[in-house]
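Coordinates as given in target33.cif (mmCIF, C-alpha atoms):
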data_structure
loop_
_atom_site.label_atom_id
_atom_site.label_comp_id
_atom_site.auth_asym_id
_atom_site.auth_seq_id
_atom_site.Cartn_x
_atom_site.Cartn_y
_atom_site.Cartn_z
CA MET A 159 102.37 162.41 53.06
CA ILE A 160 104.79 161.45 55.82
CA ILE A 161 104.26 157.81 56.79
CA ILE A 162 105.05 156.72 60.35
CA GLY A 163 105.18 152.92 60.21
CA GLU A 164 103.27 151.38 63.11
CA LYS A 165 104.10 147.68 62.79
CA ILE A 166 106.76 147.39 65.51
CA ASN A 167 104.60 147.80 68.59
CA GLY A 168 104.52 145.42 71.52
CA THR A 169 100.72 145.63 71.75
CA ILE A 170 100.61 143.53 68.56
CA PRO A 171 100.72 139.93 69.89
CA SER A 172 103.29 138.65 67.38
CA VAL A 173 105.55 141.64 68.03
CA GLY A 174 105.13 141.27 71.79
CA ARG A 175 106.33 137.68 71.51
CA ALA A 176 109.26 138.70 69.32
CA ILE A 177 110.31 141.31 71.89
CA ALA A 178 110.03 138.84 74.78
CA GLU A 179 112.03 136.21 72.86
CA ARG A 180 114.44 138.77 71.36
CA ASP A 181 113.61 137.47 67.90
CA GLU A 182 115.89 139.74 65.90
CA ALA A 183 115.00 138.25 62.50
CA PHE A 184 111.29 138.98 63.02
CA ILE A 185 111.87 142.63 63.95
CA ARG A 186 114.42 143.16 61.17
CA ASN A 187 111.95 141.78 58.63
CA ARG A 188 109.20 144.11 59.82
CA ALA A 189 111.53 147.09 59.66
CA ILE A 190 112.80 146.27 56.17
CA LYS A 191 109.32 145.66 54.75
CA GLN A 192 108.01 148.97 56.13
CA ALA A 193 111.02 150.87 54.79
CA GLU A 194 110.61 149.27 51.36
CA ALA A 195 106.90 150.14 51.39
CA GLY A 196 107.70 153.83 51.85
CA ALA A 197 107.75 154.53 55.59
CA ASN A 198 109.48 157.81 56.42
CA PHE A 199 109.82 156.89 60.10
CA ILE A 200 109.59 153.50 61.80
CA ASP A 201 107.85 153.63 65.16
CA VAL A 202 109.40 151.46 67.88
CA CYS A 203 107.20 150.84 70.92
CA ALA A 204 108.02 148.11 73.45
CA SER A 205 104.75 148.18 75.45
CA THR A 206 106.32 146.09 78.19
CA SER A 207 106.21 146.49 81.96
CA PRO A 208 108.10 149.61 83.14
CA ASP A 209 110.96 147.59 84.66
CA LEU A 210 111.65 145.97 81.27
CA GLU A 211 110.89 148.86 78.91
CA VAL A 212 114.30 150.55 78.71
CA GLU A 213 116.15 147.35 77.86
CA ALA A 214 113.46 146.32 75.36
CA LEU A 215 113.42 149.73 73.67
CA ILE A 216 117.20 149.82 73.32
CA TRP A 217 117.13 146.35 71.78
CA LEU A 218 114.37 147.36 69.37
CA MET A 219 116.14 150.57 68.39
CA ASN A 220 119.43 148.79 67.70
CA THR A 221 117.76 145.98 65.77
CA VAL A 222 115.81 148.39 63.54
CA GLN A 223 118.77 150.71 63.01
CA ASP A 224 120.99 147.77 62.03
CA ALA A 225 118.38 146.73 59.46
CA VAL A 226 117.42 150.03 57.78
CA ASP A 227 118.52 153.65 57.43
CA THR A 228 114.97 154.95 57.90
CA PRO A 229 114.80 157.23 60.96
CA ILE A 230 113.06 155.77 64.00
CA CYS A 231 110.17 157.14 66.01
CA ILE A 232 110.81 156.47 69.70
CA ASP A 233 107.43 155.68 71.23
CA SER A 234 106.62 155.51 74.94
CA PRO A 235 103.93 157.06 77.15
CA ASN A 236 106.64 157.69 79.76
CA PRO A 237 108.98 160.59 78.85
CA GLU A 238 111.59 159.35 81.31
CA MET A 239 111.87 156.14 79.31
CA ILE A 240 112.47 158.14 76.14
CA LYS A 241 115.11 160.19 77.93
CA LYS A 242 116.95 157.02 79.01
CA VAL A 243 117.09 155.50 75.52
CA PHE A 244 117.50 158.69 73.49
CA LYS A 245 121.30 158.46 73.19
CA HIS A 246 120.97 155.12 71.40
CA ALA A 247 119.38 156.78 68.35
CA ARG A 248 121.96 157.03 65.58
CA ARG A 249 120.30 159.82 63.62
CA PRO A 250 117.56 162.42 64.22
CA GLY A 251 114.06 161.02 64.06
CA LEU A 252 110.71 161.49 65.74
CA ILE A 253 109.53 161.27 69.35
CA ASN A 254 106.06 160.00 70.21
CA SER A 255 104.89 161.94 72.17
CA VAL A 256 104.33 165.06 74.30
CA SER A 257 101.16 166.76 75.50
CA LEU A 258 100.04 169.02 78.35
CA GLU A 259 99.88 165.97 80.61
CA GLY A 260 102.27 166.05 83.56
CA ASP A 261 105.84 167.09 82.82
CA LYS A 262 106.19 165.53 79.37
CA MET A 263 107.26 168.73 77.63
CA ASP A 264 109.71 169.60 80.41
CA VAL A 265 111.45 166.27 79.83
CA ILE A 266 111.31 165.96 76.04
CA PHE A 267 111.82 169.52 74.79
CA PRO A 268 115.23 170.03 76.46
CA LEU A 269 116.24 166.66 75.00
CA ILE A 270 115.66 167.77 71.40
CA GLU A 271 116.65 171.42 71.75
CA GLY A 272 119.32 172.31 69.21
CA THR A 273 118.76 169.12 67.18
CA GLU A 274 116.84 168.15 64.04
CA TRP A 275 114.49 165.85 65.96
CA GLU A 276 110.75 166.19 65.41
CA VAL A 277 108.00 165.44 67.92
CA ILE A 278 104.40 164.27 67.94
CA ALA A 279 102.23 166.39 70.24
CA LEU A 280 98.81 165.24 71.40
CA THR A 281 95.99 167.70 72.07
CA CYS A 282 95.23 166.47 75.57
CA ASP A 283 96.00 167.66 79.09
CA ASN A 284 95.60 166.47 82.67
CA LYS A 285 91.82 166.52 82.18
CA GLY A 286 92.05 164.04 79.32
CA ILE A 287 91.05 164.38 75.66
CA PRO A 288 88.80 167.40 75.05
CA ALA A 289 85.61 166.94 73.06
CA ASP A 290 85.53 170.44 71.57
CA VAL A 291 87.62 172.15 68.91
CA GLU A 292 88.44 175.28 70.92
CA THR A 293 90.17 173.39 73.72
CA ARG A 294 92.20 171.33 71.26
CA VAL A 295 93.34 174.50 69.52
CA ASN A 296 94.21 176.16 72.84
CA ILE A 297 96.26 173.12 73.84
CA THR A 298 98.09 173.35 70.53
CA LYS A 299 98.88 177.01 71.20
CA ALA A 300 100.26 176.16 74.63
CA ILE A 301 102.46 173.38 73.20
CA VAL A 302 103.81 175.59 70.39
CA GLU A 303 104.53 178.43 72.83
CA LYS A 304 106.34 176.07 75.21
CA ALA A 305 108.33 174.56 72.33
CA ALA A 306 109.42 178.05 71.24
CA THR A 307 111.17 178.56 74.58
CA TYR A 308 113.47 175.70 73.51
CA ASN A 309 113.85 177.05 69.95
CA ILE A 310 111.69 174.24 68.59
CA THR A 311 109.85 175.67 65.59
CA PRO A 312 106.33 174.61 64.48
CA ASP A 313 107.66 172.75 61.43
CA ARG A 314 109.24 170.21 63.80
CA ILE A 315 105.93 169.50 65.53
CA HIS A 316 103.36 166.92 64.40
CA ILE A 317 100.11 167.87 66.14
CA ASP A 318 97.68 164.98 66.67
CA PRO A 319 94.16 166.37 67.28
CA LEU A 320 93.12 162.93 68.59
CA VAL A 321 90.13 161.92 66.52
CA MET A 322 87.43 160.27 68.64
CA ALA A 323 85.48 157.16 67.72
CA LEU A 324 82.64 157.90 65.31
CA SER A 325 80.49 155.43 67.25
CA THR A 326 80.56 157.70 70.31
CA ASP A 327 80.59 161.08 68.55
CA THR A 328 79.06 161.41 65.08
CA GLN A 329 80.68 164.85 64.78
CA SER A 330 84.14 163.37 65.37
CA LEU A 331 85.49 163.76 61.83
CA LEU A 332 84.05 167.26 61.45
CA LYS A 333 85.67 168.36 64.71
CA PHE A 334 88.97 166.81 63.67
CA LEU A 335 88.93 168.63 60.32
CA GLU A 336 87.92 171.95 61.90
CA THR A 337 90.75 171.60 64.40
CA LEU A 338 93.18 170.75 61.60
CA LYS A 339 92.20 173.76 59.50
CA THR A 340 92.29 176.17 62.45
CA ILE A 341 95.72 174.95 63.54
CA LYS A 342 97.03 175.28 59.98
CA GLU A 343 95.77 178.85 59.80
CA LEU A 344 97.59 179.70 63.02
CA TYR A 345 100.79 177.82 62.19
CA PRO A 346 101.15 177.25 58.42
CA THR A 347 104.37 175.20 58.77
CA ILE A 348 103.13 172.87 61.51
CA LYS A 349 102.43 169.25 60.63
CA VAL A 350 99.13 167.59 61.52
CA THR A 351 99.08 163.83 62.07
CA SER A 352 96.73 161.10 63.21
CA GLY A 353 96.37 157.41 63.81
CA LEU A 354 93.86 155.89 61.39
CA SER A 355 91.99 153.30 63.43
CA ASN A 356 90.42 155.21 66.34
CA ILE A 357 87.73 156.73 64.12
CA SER A 358 86.22 153.30 63.35
CA PHE A 359 86.26 151.77 66.84
CA SER A 360 83.13 149.63 67.45
CA MET A 361 81.93 150.20 63.88
CA PRO A 362 81.26 147.60 61.18
CA LEU A 363 83.35 147.78 58.00
CA ARG A 364 86.21 149.43 59.85
CA LYS A 365 88.49 149.40 56.79
CA VAL A 366 85.96 151.44 54.83
CA ILE A 367 85.61 154.00 57.64
CA ASN A 368 89.39 154.25 58.05
CA THR A 369 90.05 154.68 54.34
CA THR A 370 87.37 157.33 53.95
CA PHE A 371 88.66 159.23 56.99
CA PHE A 372 92.20 159.07 55.57
CA THR A 373 91.11 160.42 52.18
CA LEU A 374 89.14 163.32 53.65
CA ALA A 375 91.93 164.21 56.07
CA ILE A 376 94.53 164.26 53.27
CA TYR A 377 92.26 166.53 51.23
CA GLU A 378 91.98 168.98 54.15
CA GLY A 379 95.74 169.08 54.69
CA MET A 380 96.84 166.31 57.04
CA ASP A 381 100.61 165.95 56.64
CA SER A 382 101.50 162.64 58.29
CA ALA A 383 99.86 159.46 59.49
CA ILE A 384 100.68 156.71 61.94
CA MET A 385 99.78 153.75 59.75
CA ASP A 386 100.66 150.37 58.30
CA PRO A 387 102.58 151.04 55.07
CA LEU A 388 102.06 147.38 54.12
CA ASN A 389 98.29 147.87 54.00
CA ARG A 390 97.67 147.82 50.26
CA ASP A 391 94.22 149.42 50.48
CA MET A 392 95.42 152.34 52.61
CA MET A 393 98.46 152.94 50.42
CA ALA A 394 96.26 152.81 47.33
CA ALA A 395 93.91 155.37 48.90
CA LEU A 396 96.87 157.61 49.75
CA LEU A 397 98.42 157.47 46.29
CA ALA A 398 95.09 157.86 44.51
CA THR A 399 94.16 160.87 46.64
CA GLU A 400 97.49 162.56 46.02
CA ALA A 401 97.15 161.93 42.29
CA LEU A 402 93.63 163.36 42.24
CA LEU A 403 94.83 166.42 44.16
CA GLY A 404 97.48 167.13 41.53
CA ARG A 405 100.39 166.16 43.77
CA ASP A 406 101.62 163.27 41.62
CA ARG A 407 103.06 164.50 38.31
CA PHE A 408 101.74 162.33 35.46
CA CYS A 409 100.48 159.93 38.17
CA ARG A 410 103.95 158.38 38.29
CA ASN A 411 103.88 157.40 41.97
CA PHE A 412 100.50 155.72 41.62
CA SER A 413 101.44 153.92 38.41
CA ASN A 414 104.85 152.79 39.68
CA ALA A 415 103.34 151.42 42.90
CA TYR A 416 100.82 149.45 40.83
CA ARG A 417 103.51 148.08 38.51
CA LYS A 418 105.63 147.05 41.51
CA ASN A 419 102.64 145.17 42.96
CA LYS A 420 102.42 147.40 46.04
CA ILE A 421 98.79 148.42 45.62
CA GLY A 422 95.65 146.84 44.18
CA PRO A 423 94.85 143.13 44.12
CA LYS A 424 98.00 141.20 44.92
CA LYS A 425 99.41 139.58 41.81
CA GLU A 426 100.79 136.08 42.12
CA LYS A 427 104.49 135.84 41.32
#
Represent the structure contained in this file as structure tokens.
Amino acid sequence: MIIIGEKINGTIPSVGRAIAERDEAFIRNRAIKQAEAGANFIDVCASTSPDLEVEALIWLMNTVQDAVDTPICIDSPNPEMIKKVFKHARRPGLINSVSLEGDKMDVIFPLIEGTEWEVIALTCDNKGIPADVETRVNITKAIVEKAATYNITPDRIHIDPLVMALSTDTQSLLKFLETLKTIKELYPTIKVTSGLSNISFSMPLRKVINTTFFTLAIYEGMDSAIMDPLNRDMMAALLATEALLGRDRFCRNFSNAYRKNKIGPKKEK
């Protein structure tokens, strides 16, 4: 499982304050902890006003890259912002995100052509997020075909089928899994990703819903997740699922994480 660490995002109040105050120690600490917990990419999202976003993103990128060697995930809803800060990345990473909305692909795909960069692609268009599987699959096809014109192969794409809240659509998980399986049949090397909290919006016991969704999605072939690698319950669910699926030889990863006090009830030092 590819873990995209989500803890450096300006929508989180403490992170927003750290960005505004340029609290380097706070951001460095978050980056180091996520890297040590097993993050494969560290998402950096400023979530500031547009006139401040470029400066804030560059500062975040430099701070994280000074702290860890883990590749970054440059995160902004505005592709022009990503274009402006792209040169400040010191090694290939991940871009979050493109879709069929506006000109996002026309800006981002030329940027990563001929590189090792990967990209998250959302299954939405100018009409919004589709409710049905067929439209999500058709959007995926359009994104993959457009990417191919820039020699971007499916294995560099993380498709996010955009799971809807279970509270508004009780078929949400089933649609997500059907979309996942159909996309995988079409493009065996493509990666499928997801955030883990949308499914439980407005539900009680959100952690239980999120963990169960995560486990089922891993079983059906989800490759990456935008998540908190410091969440002991989610990491335990991930490692346990991979062990049960025969992906953890002699259960070493699960056992080592337990011994190192990274999962399970936190042991006092």
* To do: Run the PyMOL selection byres ((chain A and resi 226) around 9) on the file and write out the hits as a list in words.
  => Arg186, Ala189, Ile190, Ala193, Thr221, Val222, Gln223, Asp224, Ala225, Asp227, Thr228 and Pro229 of chain A
Practice task
Using the chain letters and numbers from the file, give me the residues hit by the PyMOL selection byres ((chain A and resi 326) around 12), as a list in words.
Solution key: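 Evaluating the PyMOL selection byres ((chain A and resi 326) around 12) on this file yields Ala289, Val321, Met322, Ala323, Leu324, Ser325, Asp327, Thr328, Gln329, Ser330, Leu331, Asn356, Ile357, Ser358, Phe359, Ser360 and Met361 of chain A.
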Checklist entry - Could you tell me, as an MDAnalysis selection string, which residues have any atom at most 12 Å from (114.9, 159.7, 77.5), counting all atoms listed in the file? => result chainID A and resid 211:212 215:216 232:247 253:255 262:270
Q: Spell out the residues picked by the PyMOL selection byres ((chain A and resi 260) around 8) here, as a PyMOL selection string.
A: chain A and resi 258-259+261-262+283-284
Can you work out the spacing between atom CA of Tyr308 of chain A and atom CA of Trp275 of chain A in Å, to one decimal?
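Rounded to one decimal, the two atoms are 12.5 Å apart.
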Tell me, as a ChimeraX atom specification, which residues lie within 12 Å of Thr347 of chain A, counting all atoms listed in the file; anything in the same chain fewer than 3 positions away does not count.
/A:302,311-317,341-344,350,379-381
With distances taken over only C-alpha atoms, the candidate from A:Ala183, A:Val295, A:Ala197, A:Leu218 nearest Asn167 of chain A is A:Leu218
Min atom-atom distance to Arg390 of chain A from the set A:Pro423, A:Gly286, A:Gly168, A:Gly404, counting only C-alpha atoms, belongs to A:Pro423
re atom CA of Arg294 of chain A and atom CA of Thr337 of chain A: distance 7.0 Å
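The two atoms in question, atom CA of Ala394 of chain A and atom CA of Ala279 of chain A, are spaced 27.3 Å apart.
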message = Restricting the calculation to only C-alpha atoms: of A:Lys349, A:Lys418, A:Lys191, A:Arg410, which residue gets closest to Ile166 of chain A?
response =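 Among the listed residues, A:Lys191 lies closest to Ile166 of chain A.
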task = Give as a PyMOL selection string the set of residues within 10 Å of the point (90.6, 170.5, 73.2), where distances use the file's coordinates and all atoms listed in the file.
result = chain A and resi 280-283+285-298+319-320+337
Could I get segment 275-286 of chain A rebuilt with N, CA and C atoms, written as a short mmCIF file (atom, residue, chain, number, x, y, z; two decimals), in the coordinates of the input?
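The resulting result06.cif:
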data_model
loop_
_atom_site.label_atom_id
_atom_site.label_comp_id
_atom_site.auth_asym_id
_atom_site.auth_seq_id
_atom_site.Cartn_x
_atom_site.Cartn_y
_atom_site.Cartn_z
N TRP A 275 115.58 166.76 65.58
CA TRP A 275 114.49 165.85 65.96
C TRP A 275 113.14 166.54 65.83
N GLU A 276 112.14 165.74 65.46
CA GLU A 276 110.75 166.19 65.41
C GLU A 276 109.97 165.49 66.52
N VAL A 277 108.76 165.98 66.79
CA VAL A 277 108.00 165.44 67.92
C VAL A 277 106.51 165.41 67.60
N ILE A 278 105.85 164.34 68.01
CA ILE A 278 104.40 164.27 67.94
C ILE A 278 103.84 164.87 69.22
N ALA A 279 102.85 165.73 69.08
CA ALA A 279 102.23 166.39 70.24
C ALA A 279 100.73 166.14 70.22
N LEU A 280 100.23 165.58 71.30
CA LEU A 280 98.81 165.24 71.40
C LEU A 280 98.02 166.38 72.03
N THR A 281 96.82 166.62 71.53
CA THR A 281 95.99 167.70 72.07
C THR A 281 95.17 167.20 73.26
N CYS A 282 95.89 166.86 74.33
CA CYS A 282 95.23 166.47 75.57
C CYS A 282 96.01 167.07 76.74
N ASP A 283 95.36 167.12 77.89
CA ASP A 283 96.00 167.66 79.09
C ASP A 283 95.65 166.78 80.28
N ASN A 284 95.85 167.28 81.47
CA ASN A 284 95.60 166.47 82.67
C ASN A 284 94.12 166.14 82.86
N LYS A 285 93.25 166.82 82.11
CA LYS A 285 91.82 166.52 82.18
C LYS A 285 91.41 165.45 81.17
N GLY A 286 92.35 165.05 80.33
CA GLY A 286 92.05 164.04 79.32
C GLY A 286 91.95 164.63 77.92
#
